[in-house]
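Everything below belongs to work_17.txt, which stores compact mmCIF, C-alpha atoms and all ligand atoms.
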# COMPACT_ATOMS: atom_id res chain seq x y z
CA MET A 1 -4.70 -6.04 9.09
CA VAL A 2 -6.07 -5.39 12.60
CA LYS A 3 -8.69 -2.70 12.25
CA PHE A 4 -9.12 0.05 14.81
CA LEU A 5 -12.87 -0.01 14.25
CA ASP A 6 -15.04 -2.18 11.96
CA LEU A 7 -18.54 -0.78 11.56
CA ASN A 8 -19.25 -2.89 8.50
CA LYS A 9 -18.62 -6.11 10.47
CA GLN A 10 -20.95 -4.84 13.18
CA TYR A 11 -23.64 -4.04 10.58
CA LEU A 12 -23.38 -7.52 9.03
CA SER A 13 -23.90 -9.08 12.48
CA ILE A 14 -27.28 -7.29 12.86
CA LYS A 15 -28.12 -6.68 9.19
CA LYS A 16 -31.58 -8.25 9.23
CA GLU A 17 -32.75 -6.22 12.24
CA ILE A 18 -31.29 -2.96 10.91
CA ASP A 19 -32.64 -3.34 7.36
CA GLU A 20 -36.09 -4.14 8.71
CA ALA A 21 -36.01 -1.18 11.13
CA ILE A 22 -35.04 1.24 8.35
CA SER A 23 -37.74 -0.09 6.03
CA PHE A 24 -40.39 0.43 8.75
CA VAL A 25 -39.43 4.10 9.04
CA ILE A 26 -39.60 4.56 5.27
CA ASN A 27 -42.95 2.75 5.02
CA ASP A 28 -44.38 4.92 7.80
CA ALA A 29 -42.66 8.05 6.43
CA ALA A 30 -41.68 8.78 10.06
CA PHE A 31 -38.59 10.70 9.01
CA VAL A 32 -38.64 13.58 11.48
CA GLY A 33 -40.21 13.13 14.92
CA GLY A 34 -42.71 10.27 15.14
CA LYS A 35 -42.97 6.95 16.90
CA TYR A 36 -39.44 5.60 16.31
CA LEU A 37 -37.92 8.71 17.86
CA SER A 38 -40.32 8.61 20.84
CA LEU A 39 -39.56 4.92 21.34
CA PHE A 40 -35.81 5.54 21.31
CA GLU A 41 -36.11 8.45 23.73
CA GLU A 42 -38.10 6.21 26.08
CA ASN A 43 -35.70 3.27 25.70
CA PHE A 44 -32.59 5.37 26.15
CA SER A 45 -33.89 7.20 29.23
CA LYS A 46 -34.71 3.79 30.77
CA TYR A 47 -31.27 2.48 29.84
CA VAL A 48 -29.52 5.50 31.35
CA GLY A 49 -31.85 5.57 34.36
CA CYS A 50 -33.24 9.09 34.12
CA ASN A 51 -36.65 10.64 33.60
CA PHE A 52 -36.17 12.47 30.31
CA CYS A 53 -34.28 11.99 27.05
CA ILE A 54 -34.40 14.42 24.14
CA GLY A 55 -32.94 13.30 20.81
CA VAL A 56 -30.91 16.00 19.04
CA ALA A 57 -28.83 16.21 15.86
CA ASN A 58 -25.39 15.46 17.37
CA GLY A 59 -23.41 15.49 20.61
CA THR A 60 -22.07 19.01 20.09
CA ASP A 61 -25.61 20.36 19.78
CA ALA A 62 -26.54 18.38 22.91
CA LEU A 63 -23.84 20.27 24.84
CA GLU A 64 -24.80 23.66 23.39
CA ILE A 65 -28.50 23.18 24.07
CA ALA A 66 -27.85 21.79 27.57
CA ILE A 67 -25.71 24.82 28.47
CA GLU A 68 -28.38 27.17 27.07
CA CYS A 69 -31.03 25.48 29.21
CA LEU A 70 -29.18 26.31 32.44
CA ASP A 71 -29.53 30.11 32.07
CA LEU A 72 -26.09 30.71 33.55
CA PRO A 73 -25.03 34.30 34.27
CA LYS A 74 -23.78 36.04 31.12
CA GLY A 75 -19.99 36.01 30.74
CA SER A 76 -19.50 33.50 33.57
CA GLU A 77 -16.95 30.69 33.53
CA ILE A 78 -17.45 26.99 32.86
CA ILE A 79 -14.67 24.60 33.89
CA VAL A 80 -13.77 21.95 31.31
CA PRO A 81 -11.01 19.30 31.50
CA ALA A 82 -8.11 20.03 29.13
CA ASN A 83 -8.11 16.48 27.74
CA SER A 84 -11.18 16.11 25.53
CA TRP A 85 -12.58 16.53 22.05
CA ILE A 86 -13.03 20.19 20.97
CA SER A 87 -16.84 20.04 21.36
CA SER A 88 -16.49 20.25 25.16
CA SER A 89 -14.85 23.70 25.04
CA GLU A 90 -16.35 24.82 21.71
CA SER A 91 -19.90 24.56 23.08
CA VAL A 92 -19.00 26.78 26.05
CA VAL A 93 -17.44 29.50 23.91
CA ARG A 94 -20.19 29.41 21.26
CA LEU A 95 -22.76 30.06 23.98
CA GLY A 96 -20.83 33.18 25.06
CA TYR A 97 -19.29 31.79 28.25
CA ASN A 98 -15.63 31.74 29.24
CA VAL A 99 -13.96 28.35 29.24
CA VAL A 100 -11.52 27.68 32.07
CA PHE A 101 -9.43 24.56 31.67
CA CYS A 102 -8.74 22.14 34.47
CA ASP A 103 -5.97 19.51 34.43
CA VAL A 104 -6.53 15.75 34.31
CA LYS A 105 -5.05 12.92 36.39
CA ASN A 106 -3.30 9.85 35.05
CA ASP A 107 -6.70 8.19 34.66
CA TYR A 108 -7.21 10.88 31.98
CA LEU A 109 -10.15 12.40 33.90
CA MET A 110 -10.82 15.75 35.59
CA ASP A 111 -8.44 16.36 38.51
CA LYS A 112 -10.58 17.39 41.49
CA LYS A 113 -7.64 19.17 43.17
CA ASP A 114 -7.05 21.38 40.15
CA LEU A 115 -10.81 21.77 39.70
CA LYS A 116 -11.06 23.31 43.19
CA GLU A 117 -8.22 25.68 42.35
CA LYS A 118 -9.89 26.80 39.12
CA ILE A 119 -13.16 27.81 40.81
CA SER A 120 -13.52 31.60 41.01
CA ASP A 121 -16.33 33.99 41.96
CA ASN A 122 -17.24 33.99 38.27
CA THR A 123 -17.59 30.19 37.89
CA SER A 124 -21.13 29.04 37.10
CA ALA A 125 -20.74 25.42 35.99
CA ILE A 126 -18.48 22.38 35.67
CA MET A 127 -18.37 20.07 32.67
CA PRO A 128 -16.90 16.70 33.66
CA VAL A 129 -16.04 14.65 30.56
CA HIS A 130 -16.32 10.88 30.99
CA LEU A 131 -13.49 10.34 28.57
CA TYR A 132 -12.70 7.06 26.81
CA GLY A 133 -15.69 5.38 28.50
CA GLN A 134 -14.89 5.96 32.18
CA ILE A 135 -16.99 8.14 34.50
CA CYS A 136 -15.18 10.88 36.47
CA GLU A 137 -15.11 10.76 40.29
CA MET A 138 -18.66 12.10 40.38
CA ASN A 139 -19.24 11.82 44.15
CA GLU A 140 -16.38 14.30 44.67
CA ILE A 141 -17.36 16.55 41.74
CA VAL A 142 -21.01 16.73 42.84
CA LYS A 143 -19.83 17.64 46.36
CA ILE A 144 -17.58 20.42 45.02
CA ALA A 145 -20.41 21.70 42.80
CA ASN A 146 -22.88 21.75 45.70
CA GLU A 147 -20.44 23.51 48.01
CA ASN A 148 -19.88 26.23 45.40
CA ASP A 149 -23.41 26.43 44.00
CA LEU A 150 -22.34 25.31 40.51
CA LYS A 151 -24.29 23.48 37.81
CA ILE A 152 -22.99 20.27 36.25
CA ILE A 153 -23.19 19.41 32.54
CA GLU A 154 -21.83 15.90 31.99
CA ASP A 155 -20.19 15.30 28.63
CA SER A 156 -21.08 11.61 28.29
CA ALA A 157 -20.37 11.47 24.55
CA GLN A 158 -17.88 8.62 25.03
CA ALA A 159 -19.51 6.87 27.96
CA HIS A 160 -22.60 4.94 26.80
CA GLY A 161 -23.03 2.11 29.27
CA ALA A 162 -20.38 3.29 31.73
CA VAL A 163 -21.35 2.93 35.40
CA TYR A 164 -20.08 4.65 38.57
CA GLU A 165 -21.38 3.62 41.98
CA GLY A 166 -24.33 1.92 40.29
CA LYS A 167 -25.37 4.89 38.14
CA LYS A 168 -24.92 5.54 34.43
CA ALA A 169 -23.14 8.49 32.82
CA GLY A 170 -25.21 11.66 32.52
CA THR A 171 -27.30 11.11 35.66
CA PHE A 172 -25.13 12.70 38.36
CA GLY A 173 -25.40 16.38 37.45
CA ASP A 174 -28.10 18.70 36.13
CA VAL A 175 -27.91 17.45 32.57
CA GLY A 176 -26.02 14.83 30.53
CA CYS A 177 -25.08 14.92 26.86
CA TYR A 178 -24.53 11.96 24.55
CA SER A 179 -23.21 11.65 21.00
CA PHE A 180 -24.26 8.88 18.62
CA TYR A 181 -21.46 9.58 16.13
CA PRO A 182 -21.03 6.29 14.19
CA GLY A 183 -17.86 5.13 15.96
CA LYS A 184 -19.24 5.56 19.48
CA ASN A 185 -20.18 2.55 21.65
CA LEU A 186 -23.74 3.32 20.59
CA GLY A 187 -23.43 4.90 17.17
CA ALA A 188 -25.96 5.89 14.53
CA TYR A 189 -25.49 5.66 10.76
CA GLY A 190 -24.78 9.37 10.58
CA ASP A 191 -24.84 12.08 13.24
CA GLY A 192 -27.03 11.93 16.33
CA GLY A 193 -27.10 12.98 19.96
CA ALA A 194 -29.24 13.14 23.09
CA ILE A 195 -29.75 15.19 26.21
CA VAL A 196 -30.70 13.33 29.40
CA THR A 197 -31.95 14.86 32.63
CA ASN A 198 -34.19 14.31 35.64
CA ASN A 199 -35.20 17.97 35.66
CA PRO A 200 -38.58 18.56 33.92
CA GLU A 201 -37.84 22.27 33.30
CA ILE A 202 -34.53 21.50 31.57
CA ALA A 203 -36.19 18.74 29.54
CA LYS A 204 -39.01 21.03 28.43
CA LYS A 205 -36.66 23.83 27.44
CA ALA A 206 -34.21 21.51 25.65
CA ARG A 207 -37.04 20.03 23.59
CA MET A 208 -38.27 23.49 22.66
CA ILE A 209 -34.80 24.83 21.72
CA ALA A 210 -34.13 21.77 19.56
CA ASN A 211 -37.39 22.29 17.68
CA HIS A 212 -37.49 26.01 16.78
CA GLY A 213 -38.64 27.09 20.23
CA GLN A 214 -42.03 25.42 19.75
CA ILE A 215 -44.05 24.10 22.70
CA GLU A 216 -46.48 22.71 20.12
CA LYS A 217 -46.80 23.08 16.37
CA HIS A 218 -46.66 26.78 15.38
CA LYS A 219 -46.54 27.94 19.01
CA HIS A 220 -43.02 29.41 19.23
CA LEU A 221 -42.31 30.61 22.77
CA ILE A 222 -38.56 31.11 22.62
CA ILE A 223 -35.92 31.51 19.93
CA GLY A 224 -34.79 28.00 19.16
CA ARG A 225 -33.10 26.17 16.33
CA ASN A 226 -33.37 22.96 14.36
CA SER A 227 -31.47 20.13 16.04
CA ARG A 228 -33.42 16.90 15.73
CA LEU A 229 -32.53 13.21 15.83
CA ASP A 230 -34.20 11.84 12.70
CA GLY A 231 -36.46 8.79 12.54
CA ILE A 232 -34.05 6.54 10.64
CA GLN A 233 -31.23 7.19 13.12
CA ALA A 234 -33.62 6.63 16.05
CA ALA A 235 -34.77 3.29 14.56
CA ILE A 236 -31.15 2.19 14.05
CA LEU A 237 -30.29 3.22 17.62
CA ASN A 238 -33.30 1.27 18.93
CA VAL A 239 -31.86 -1.88 17.34
CA LYS A 240 -28.31 -1.22 18.47
CA LEU A 241 -29.30 -0.35 22.05
CA LYS A 242 -30.42 -3.98 22.52
CA HIS A 243 -26.88 -5.13 21.76
CA LEU A 244 -25.00 -2.43 23.64
CA ASP A 245 -24.44 -4.29 26.92
CA SER A 246 -23.10 -7.40 25.19
CA TRP A 247 -20.79 -5.23 23.06
CA ILE A 248 -19.50 -3.49 26.20
CA GLU A 249 -18.95 -6.90 27.83
CA ARG A 250 -16.85 -7.89 24.83
CA ARG A 251 -14.90 -4.60 25.07
CA ASN A 252 -14.14 -5.46 28.69
CA GLU A 253 -12.93 -8.94 27.65
CA VAL A 254 -10.60 -7.32 25.11
CA ALA A 255 -9.37 -4.93 27.83
CA LYS A 256 -8.71 -7.91 30.12
CA MET A 257 -6.64 -9.57 27.39
CA TYR A 258 -4.61 -6.37 26.97
CA ILE A 259 -4.08 -6.19 30.75
CA ASN A 260 -3.04 -9.85 31.02
CA ARG A 261 -0.52 -9.58 28.24
CA LEU A 262 0.78 -6.04 28.60
CA SER A 263 0.72 -5.21 32.31
CA ASN A 264 4.25 -6.53 32.94
CA HIS A 265 5.64 -4.67 29.97
CA SER A 266 6.96 -1.61 31.79
CA PRO A 267 7.55 0.88 28.94
CA ILE A 268 3.81 0.84 28.32
CA ALA A 269 1.39 2.41 30.82
CA LEU A 270 -2.07 0.86 30.68
CA PRO A 271 -5.31 2.73 31.43
CA HIS A 272 -6.40 2.91 35.08
CA VAL A 273 -9.81 1.54 35.93
CA ASN A 274 -11.13 3.36 38.99
CA LYS A 275 -12.80 1.74 41.99
CA ASN A 276 -16.61 1.52 41.93
CA SER A 277 -16.54 2.01 38.18
CA ILE A 278 -17.51 -0.09 35.17
CA HIS A 279 -15.40 1.19 32.29
CA ALA A 280 -17.24 1.05 28.96
CA PHE A 281 -13.91 1.07 27.06
CA HIS A 282 -14.95 3.28 24.19
CA LEU A 283 -11.20 3.64 23.68
CA TYR A 284 -8.23 1.69 25.04
CA VAL A 285 -5.59 4.35 25.60
CA ILE A 286 -2.02 3.42 26.56
CA ARG A 287 0.99 5.68 27.16
CA ASN A 288 4.54 5.42 25.90
CA ASN A 289 7.45 7.88 25.76
CA TYR A 290 8.16 6.88 22.14
CA ARG A 291 4.56 7.07 20.98
CA ASN A 292 5.27 8.14 17.39
CA GLU A 293 7.82 5.37 16.85
CA LEU A 294 5.35 2.89 18.36
CA ILE A 295 2.70 4.02 15.86
CA ASP A 296 5.11 3.34 12.97
CA HIS A 297 6.08 -0.02 14.44
CA LEU A 298 2.44 -1.09 14.74
CA LYS A 299 1.70 0.23 11.25
CA ASN A 300 4.49 -2.01 9.94
CA HIS A 301 2.65 -4.90 11.61
CA GLU A 302 -0.58 -3.78 9.88
CA ILE A 303 -2.18 -2.66 13.13
CA GLU A 304 -4.30 0.49 13.03
CA THR A 305 -4.07 2.96 15.91
CA ALA A 306 -5.25 6.52 16.60
CA ILE A 307 -4.54 9.41 18.97
CA HIS A 308 -7.31 10.85 21.15
CA TYR A 309 -6.15 13.63 21.17
CA PRO A 310 -2.80 14.92 19.87
CA LYS A 311 -3.10 18.23 21.72
CA ALA A 312 -4.71 19.29 24.98
CA LEU A 313 -7.63 21.69 24.41
CA SER A 314 -5.66 24.34 26.30
CA ASP A 315 -2.83 24.01 23.76
CA LEU A 316 -5.02 24.47 20.67
CA ASP A 317 -4.52 27.69 18.68
CA VAL A 318 -8.20 28.50 19.06
CA HIS A 319 -7.85 28.66 22.85
CA LYS A 320 -4.48 30.36 23.00
CA ASN A 321 -5.91 33.38 24.81
CA GLN A 322 -6.44 31.02 27.78
CA LYS A 323 -3.67 31.41 30.33
CA ASN A 324 -4.46 28.45 32.56
CA LEU A 325 -1.44 26.39 33.42
CA ILE A 326 -2.16 22.82 32.40
CA LYS A 327 0.74 20.44 32.92
CA ASN A 328 -0.41 16.85 32.96
CA ALA A 329 -2.86 17.00 30.05
CA SER A 330 -0.22 18.56 27.77
CA LYS A 331 2.28 15.82 28.66
CA ILE A 332 -0.31 13.04 28.35
CA CYS A 333 -1.24 14.17 24.83
CA GLU A 334 2.35 13.60 23.67
CA GLU A 335 2.36 10.02 24.96
CA ILE A 336 -1.11 8.58 24.44
CA LEU A 337 -2.04 6.00 21.84
CA SER A 338 -5.41 4.33 21.26
CA LEU A 339 -5.08 0.62 20.47
CA PRO A 340 -7.75 -1.23 18.47
CA MET A 341 -10.83 -1.70 20.67
CA GLY A 342 -14.28 -3.05 19.97
CA GLU A 343 -16.46 -6.11 19.71
CA HIS A 344 -15.10 -6.65 16.19
CA LEU A 345 -11.76 -7.94 17.51
CA SER A 346 -11.04 -11.68 17.66
CA GLN A 347 -8.83 -13.20 20.35
CA ASP A 348 -6.13 -13.83 17.74
CA GLU A 349 -6.18 -10.19 16.68
CA VAL A 350 -5.81 -8.97 20.27
CA ILE A 351 -2.88 -11.38 20.75
CA GLU A 352 -1.36 -10.07 17.50
CA VAL A 353 -1.59 -6.48 18.83
CA CYS A 354 -0.09 -7.49 22.20
CA ASN A 355 2.81 -9.36 20.55
CA ALA A 356 3.57 -6.39 18.31
CA VAL A 357 3.49 -4.00 21.29
CA THR A 358 5.78 -6.17 23.42
CA ASN A 359 8.21 -6.59 20.47
CA PHE A 360 8.61 -2.83 20.22
CA LYS A 361 12.16 -1.95 21.24
CA LYS A 362 13.19 1.58 22.03
C1 LIG B 1 -15.97 13.97 24.48
C2 LIG B 1 -16.84 14.36 23.33
N1 LIG B 1 -17.70 15.38 23.48
C3 LIG B 1 -18.53 15.77 22.50
C4 LIG B 1 -18.51 15.14 21.26
C5 LIG B 1 -19.39 15.68 20.19
O1 LIG B 1 -20.21 14.75 19.58
P1 LIG B 1 -20.65 14.90 18.04
O2 LIG B 1 -19.49 14.49 17.21
O3 LIG B 1 -21.80 13.97 17.95
O4 LIG B 1 -21.03 16.31 17.82
C6 LIG B 1 -17.65 14.06 21.06
C7 LIG B 1 -17.62 13.37 19.77
O5 LIG B 1 -16.64 12.94 19.27
C8 LIG B 1 -16.78 13.67 22.11
O6 LIG B 1 -15.92 12.66 21.95
File written out as structure tokens:
Amino acid sequence: MVKFLDLNKQYLSIKKEIDEAISFVINDAAFVGGKYLSLFEENFSKYVGCNFCIGVANGTDALEIAIECLDLPKGSEIIVPANSWISSSESVVRLGYNVVFCDVKNDYLMDKKDLKEKISDNTSAIMPVHLYGQICEMNEIVKIANENDLKIIEDSAQAHGAVYEGKKAGTFGDVGCYSFYPGKNLGAYGDGGAIVTNNPEIAKKARMIANHGQIEKHKHLIIGRNSRLDGIQAAILNVKLKHLDSWIERRNEVAKMYINRLSNHSPIALPHVNKNSIHAFHLYVIRNNYRNELIDHLKNHEIETAIHYPKALSDLDVHKNQKNLIKNASKICEEILSLPMGEHLSQDEVIEVCNAVTNFKK
């Protein structure tokens, strides 16, 4: 069996460090707030290369709180790529804004041409999603945002460790949002998320919103909520952060093996890696016209796969009142397939996947 993801294997490789870190939190009873959280926030902001990091309960909350911090005009529009996880559009709608979908290119990322066409007098912000571990063309998107006086919220939930023109995900716009869902490149042992920014006002407001609107204990200045990254998750993330770059290196080696063995196999389209970009390969997403048959074929060879995502956001029932014409994302979602990817894979397993893919006849 070639597993899609193997979190138990990862845990066993760092068991001593993790068990010790958890026991420290319990001994210090630093369950909510406290030194392990502060240390992670400091370490992660250094890793990302920004001034502030605020731990929150999950990546969806990070997006909601980040949007709230921007004080965008009521009822205005936020442009979101149609190929993403529901949190990207859900957060916009939950905050009372209108989501406008923008198409994606064959690199699966926001299409700047369509983005320009979707900007209206009512647009207030853009949410580029660095999907599958690759950063969008941020030099172009920042330029478009500046020309149109728009804010940028980067959904970096899948892009821990990704680099574009020397900078990490979440540092190009006004605010960046990360998820530490267990299966992410940097995953907690439960839910977790973070907001990163260089803007002290956004950082201050995000921290207050995430902690019941308090500026200090019992001094509630705004209506907030409870969305905190707990001490145990922070301690686990502190351990895992030390390994993140070597895990991403291994992901890139796996990607190289896929490229070497599959690039001449024409029925399969491999993911594009853009210039000036270090792909963090959270997911390795290929395309094939007979995707569902390919899934069955790989299943017969005991190879696990997944689809990220089976429908474009613009095609989901929940967004059916949206009339934006989205062509490429809808087509892509019928053809995409995520192959096993991660530091858990051995060379033999990657070869097994490649052989099974190249043996697929249709
Ligand atoms: C692109 C994207 N945005 C946002 C999220 C939300 O993160 P969470 O599951 O931590 O709420 C995810 C998580 O899967 C994601 O993949």
Expected answer as number ranges by chain: all residues with atoms within 10 Å of (8.3, -0.2, 14.7), all atoms listed in the file: A: 292-301, 356-357, 359-362
Within-10 Å residues of ligand LIG 1 (chain B), basis only C-alpha atoms and all ligand atoms, as a ChimeraX atom specification: /A:56-64,83-91,128-133,154-159,177-184,187-188,190-194,282,308-309
Separation of CA of Lys331 in chain A from CA of Ser120 in chain A, in Å and rounded to one decimal: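 Going from CA of Lys331 in chain A over to CA of Ser120 in chain A, I get 25.5 Å.
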Range 2-18 of chain A surroundings by all atoms listed in the file, 7 Å radius, close-in-sequence under 4 positions cut, as a list in words: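 Selected residues are Ile22, Ile236, Val239, Glu302, Ile303, Glu304, Thr305, Leu339, Pro340, Met341, Gly342, His344 and Glu349 of chain A.
Separating CA of Ala255 in chain A from CA of Cys102 in chain A is a distance of 27.9 Å.
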So that I can check the surroundings of Asn199 in chain A, please list as a compact mmCIF listing (two decimals) with C-alpha atoms, keeping the file's coordinate frame every protein, DNA and RNA residue that reaches within 12 Å of it, counting all atoms listed in the file and ignoring chain neighbours fewer than 3 positions away.
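As written to disk, selection.txt reads:
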# COMPACT_ATOMS: atom_id res chain seq x y z
CA CYS A 50 -33.24 9.09 34.12
CA ASN A 51 -36.65 10.64 33.60
CA PHE A 52 -36.17 12.47 30.31
CA CYS A 53 -34.28 11.99 27.05
CA ALA A 66 -27.85 21.79 27.57
CA CYS A 69 -31.03 25.48 29.21
CA LEU A 70 -29.18 26.31 32.44
CA THR A 171 -27.30 11.11 35.66
CA PHE A 172 -25.13 12.70 38.36
CA GLY A 173 -25.40 16.38 37.45
CA ASP A 174 -28.10 18.70 36.13
CA VAL A 175 -27.91 17.45 32.57
CA GLY A 176 -26.02 14.83 30.53
CA ILE A 195 -29.75 15.19 26.21
CA VAL A 196 -30.70 13.33 29.40
CA ILE A 202 -34.53 21.50 31.57
CA ALA A 203 -36.19 18.74 29.54
CA LYS A 204 -39.01 21.03 28.43
CA LYS A 205 -36.66 23.83 27.44
CA ALA A 206 -34.21 21.51 25.65
Counting all atoms listed in the file, the option among A:Cys333, A:Asn122, A:Ser338, A:Val48 closest to Asp103 in chain A: A:Cys333
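For the atom pair formed by CA of Ile144 in chain A and CA of Glu77 in chain A, the distance is 15.4 Å, given to one decimal.
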